[in-house]
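Peer 1: Mind having a look at this structure? Questions to follow.
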Amino acid sequence: MYALMALGVYITYRILDFPDLTVDASFTTGAGIAAVMISHGQAPWLATLAAFGGGLAAGICTGLLHTKGKVNGLLAGIIMMIALYSINIRIMGKPNISLLNTDTLFSGVASHEWHDFRLAYIVVLFAVAIVVKLLLDAFLHTDLGLALRATGDNKRMIRSFGSNTDLTTILGVSLSNGLVALSGALIAQDGGSADISMGIGMIVIGLASVIIGEAMLGPKRVFWATLAVVVGSLAYRIVFALALRAEFLHLKATDLKLITAVIVILALVIPTMSRSAKQKQQAKRRTAELAAGMRGKGAI
């Protein structure tokens, strides 16, 4: 479920190079829309689809602020994040909505005849993540998807070829927040509730997943890059769970944000230090080879 959110962050962070903080609020938007609709008797699949649409709308607003309103990308995300807090309260009507004893997308899985239905959760959700990943891969190989990728690489160049970079930016930010809202809707249904503060820090978790995945698999073609994001999201949750279980660390569930920050710092610093060490070794090797060559010429 978090892999979908990480894929959304990947679109803005890596493809568009857009610092979008709307994620922290659009996650809650998706959860809130799904929870309200399900609690009012709507079909879970319809509520999940509506949550995805709510995320798309939030992303469009951020994209319009940045492209048409000429607002700095970081500031546009902050403005929408603040605005969505009040909008989410309006949508939910109260700070918390319970989904206990209601039918959700996971009700059928939980009532499955398998001896351990948690295995069914893993299979179903992994399949959903892979399907979304493959659909994103297919989109990024279309003409529009290529224009989106080119916008992030060199906006001035792609504009010179006649492409509308404003449109591609809005599309990318919208799709990103749609995936984030979809993730929020699924997590709310899985956890049995939607809370107004559940999206706080999601941008950091998404970045951690992207960075860890890239450190594990490396930035390659689109297929491998998106797969790295999915793997990174799984690795992040595993590391987080192990950190909580390590008794000598004396960590609690309330230390979630601290653990996340430490994981992100390590994921950023370790690869940088590794590259720096390799560059120093290569420089020393070149210096030694140059000195050996000079000594050889002197002997001759």
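In the structure tokens, each chain is lettered A, B, ... as it comes, each chain's residues begin at 1, and ligands are numbered from 1 in order of appearance.
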Just list as a PyMOL selection string whatever in range 37-217 of chain A DSSP marks as strand (DSSP E or B).

Peer 2: chain A and resi 96-98+193-195

Peer 1: Restrict the selected residues to N, CA and C atoms and save them as a CSV table (one decimal), in the first residue's frame.

Peer 2:
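out19.csv, freshly written:
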```
chain,number,residue,atom,x,y,z
A,96,ASN,N,-11.8,12.1,13.0
A,96,ASN,CA,-11.6,10.7,12.9
A,96,ASN,C,-12.8,10.0,12.5
A,97,ILE,N,-12.7,9.0,11.5
A,97,ILE,CA,-13.8,8.2,11.1
A,97,ILE,C,-13.5,6.7,11.2
A,98,SER,N,-14.3,6.0,11.9
A,98,SER,CA,-14.0,4.6,12.1
A,98,SER,C,-14.7,3.8,11.0
A,193,SER,N,-9.7,2.9,9.9
A,193,SER,CA,-10.1,4.3,10.3
A,193,SER,C,-9.4,5.3,9.4
A,194,ALA,N,-9.9,6.5,9.4
A,194,ALA,CA,-9.2,7.6,8.7
A,194,ALA,C,-9.1,8.7,9.7
A,195,ASP,N,-7.9,9.3,9.8
A,195,ASP,CA,-7.6,10.3,10.8
A,195,ASP,C,-7.0,11.5,10.1
```

Peer 1: Find the residues of range 115-148 of chain A that sit at most 12 Å from range 210-226 of chain A; for each, write down the nearest two atoms and how far apart they are in Å, to one decimal. Count only C-alpha atoms. Sort by chain, then by number going up, and give it as a Markdown table.

Peer 2:
```
| residue | atom | partner | partner_atom | distance |
| --- | --- | --- | --- | --- |
| A:Ala129 | CA | A:Thr226 | CA | 10.5 |
| A:Ile130 | CA | A:Thr226 | CA | 9.6 |
| A:Val131 | CA | A:Thr226 | CA | 11.6 |
| A:Val132 | CA | A:Thr226 | CA | 10.1 |
| A:Lys133 | CA | A:Thr226 | CA | 6.5 |
| A:Leu134 | CA | A:Phe223 | CA | 7.9 |
| A:Leu135 | CA | A:Phe223 | CA | 10.6 |
| A:Leu136 | CA | A:Thr226 | CA | 8.3 |
| A:Asp137 | CA | A:Phe223 | CA | 6.2 |
| A:Ala138 | CA | A:Phe223 | CA | 9.2 |
| A:Phe139 | CA | A:Val222 | CA | 10.6 |
| A:Leu140 | CA | A:Val222 | CA | 7.8 |
| A:His141 | CA | A:Val222 | CA | 8.6 |
| A:Gly145 | CA | A:Val222 | CA | 11.0 |
| A:Leu146 | CA | A:Val222 | CA | 10.8 |
```

Peer 1: I need the helix (DSSP H, G or I) residues of range 47-272 of chain A per DSSP on the backbone, written as an MDAnalysis selection string.

Peer 2: chainID A and resid 47:67 73:92 107:110 117:140 143:153 155:160 165:191 202:217 222:245 247:249 253:272

Peer 1: State, in Å with one decimal place, the distance from CA of Leu100 in chain A to CA of Gly192 in chain A.

Peer 2: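 Answer for the CA of Leu100 in chain A to CA of Gly192 in chain A separation: 5.4 Å.
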
Peer 1: Within 12 Å of Gly162 in chain A, counting only C-alpha atoms, which residues qualify if same-chain residues fewer than 5 places away don't, as a list in words?

Peer 2: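 The residues satisfying every condition are Ala147, Thr151, Lys155, Arg156, Met157 and Leu167 of chain A.
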
Peer 1: Write the residues you've just listed into a file as a short mmCIF file (atom, residue, chain, number, x, y, z; two decimals), in the first residue's frame, and include N, CA, C and O atoms for each of them.

Peer 2:
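Saved as part.cif:
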```cif
data_model
loop_
_atom_site.label_atom_id
_atom_site.label_comp_id
_atom_site.auth_asym_id
_atom_site.auth_seq_id
_atom_site.Cartn_x
_atom_site.Cartn_y
_atom_site.Cartn_z
N ALA A 147 7.08 13.04 -22.94
CA ALA A 147 7.10 14.51 -22.77
C ALA A 147 7.20 14.87 -21.29
O ALA A 147 7.88 15.83 -20.92
N THR A 151 10.25 16.91 -19.64
CA THR A 151 10.01 18.15 -18.91
C THR A 151 10.86 18.22 -17.65
O THR A 151 11.41 19.27 -17.31
N LYS A 155 13.36 21.36 -19.20
CA LYS A 155 12.10 22.03 -19.55
C LYS A 155 12.28 22.98 -20.74
O LYS A 155 11.43 23.06 -21.62
N ARG A 156 13.39 23.69 -20.78
CA ARG A 156 13.60 24.66 -21.85
C ARG A 156 13.74 23.96 -23.21
O ARG A 156 13.21 24.43 -24.21
N MET A 157 14.42 22.83 -23.21
CA MET A 157 14.63 22.12 -24.46
C MET A 157 13.31 21.57 -25.00
O MET A 157 13.00 21.73 -26.18
N LEU A 167 1.28 21.87 -19.18
CA LEU A 167 0.34 20.75 -19.18
C LEU A 167 0.99 19.49 -18.60
O LEU A 167 0.38 18.79 -17.79
#
```

Peer 1: I'd like the neighbourhood of range 184-189 of chain A as a PyMOL selection string, where a residue qualifies if any of its atoms comes within 7 Å (using only C-alpha atoms), though same-chain residues fewer than 2 positions away should be ignored.

Peer 2: chain A and resi 1+27-28+30-31+34+48+51+99+104+180-182+191-194

Peer 1: For the interface of range 119-194 of chain A with range 204-209 of chain A (cut-off 12 Å, counting only C-alpha atoms), please tabulate each contacting residue of range 119-194 of chain A alongside its nearest pair of atoms and their separation in Å to one decimal, rows sorted by chain and increasing number, as JSON lines.

Peer 2:
```
{"residue": "A:Ser176", "atom": "CA", "partner": "A:Gly206", "partner_atom": "CA", "distance": 11.3}
{"residue": "A:Asn177", "atom": "CA", "partner": "A:Gly206", "partner_atom": "CA", "distance": 11.9}
{"residue": "A:Leu179", "atom": "CA", "partner": "A:Gly206", "partner_atom": "CA", "distance": 11.6}
{"residue": "A:Val180", "atom": "CA", "partner": "A:Gly206", "partner_atom": "CA", "distance": 9.4}
{"residue": "A:Ser183", "atom": "CA", "partner": "A:Gly206", "partner_atom": "CA", "distance": 11.3}
```

Peer 1: With distances taken over only C-alpha atoms, which of A:Asp190, A:Pro271, A:Gly172, A:Ala235 is nearest to Arg14 in chain A?

Peer 2: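 That would be A:Gly172, the residue with the smallest distance to Arg14 in chain A.
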
Peer 1: Find, counting only C-alpha atoms, the residue in A:Ile15, A:Leu258, A:Ala246, A:Leu21 that gets nearest to Ala76 in chain A.

Peer 2: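 Of the candidates, the smallest distance to Ala76 in chain A is held by A:Leu21.
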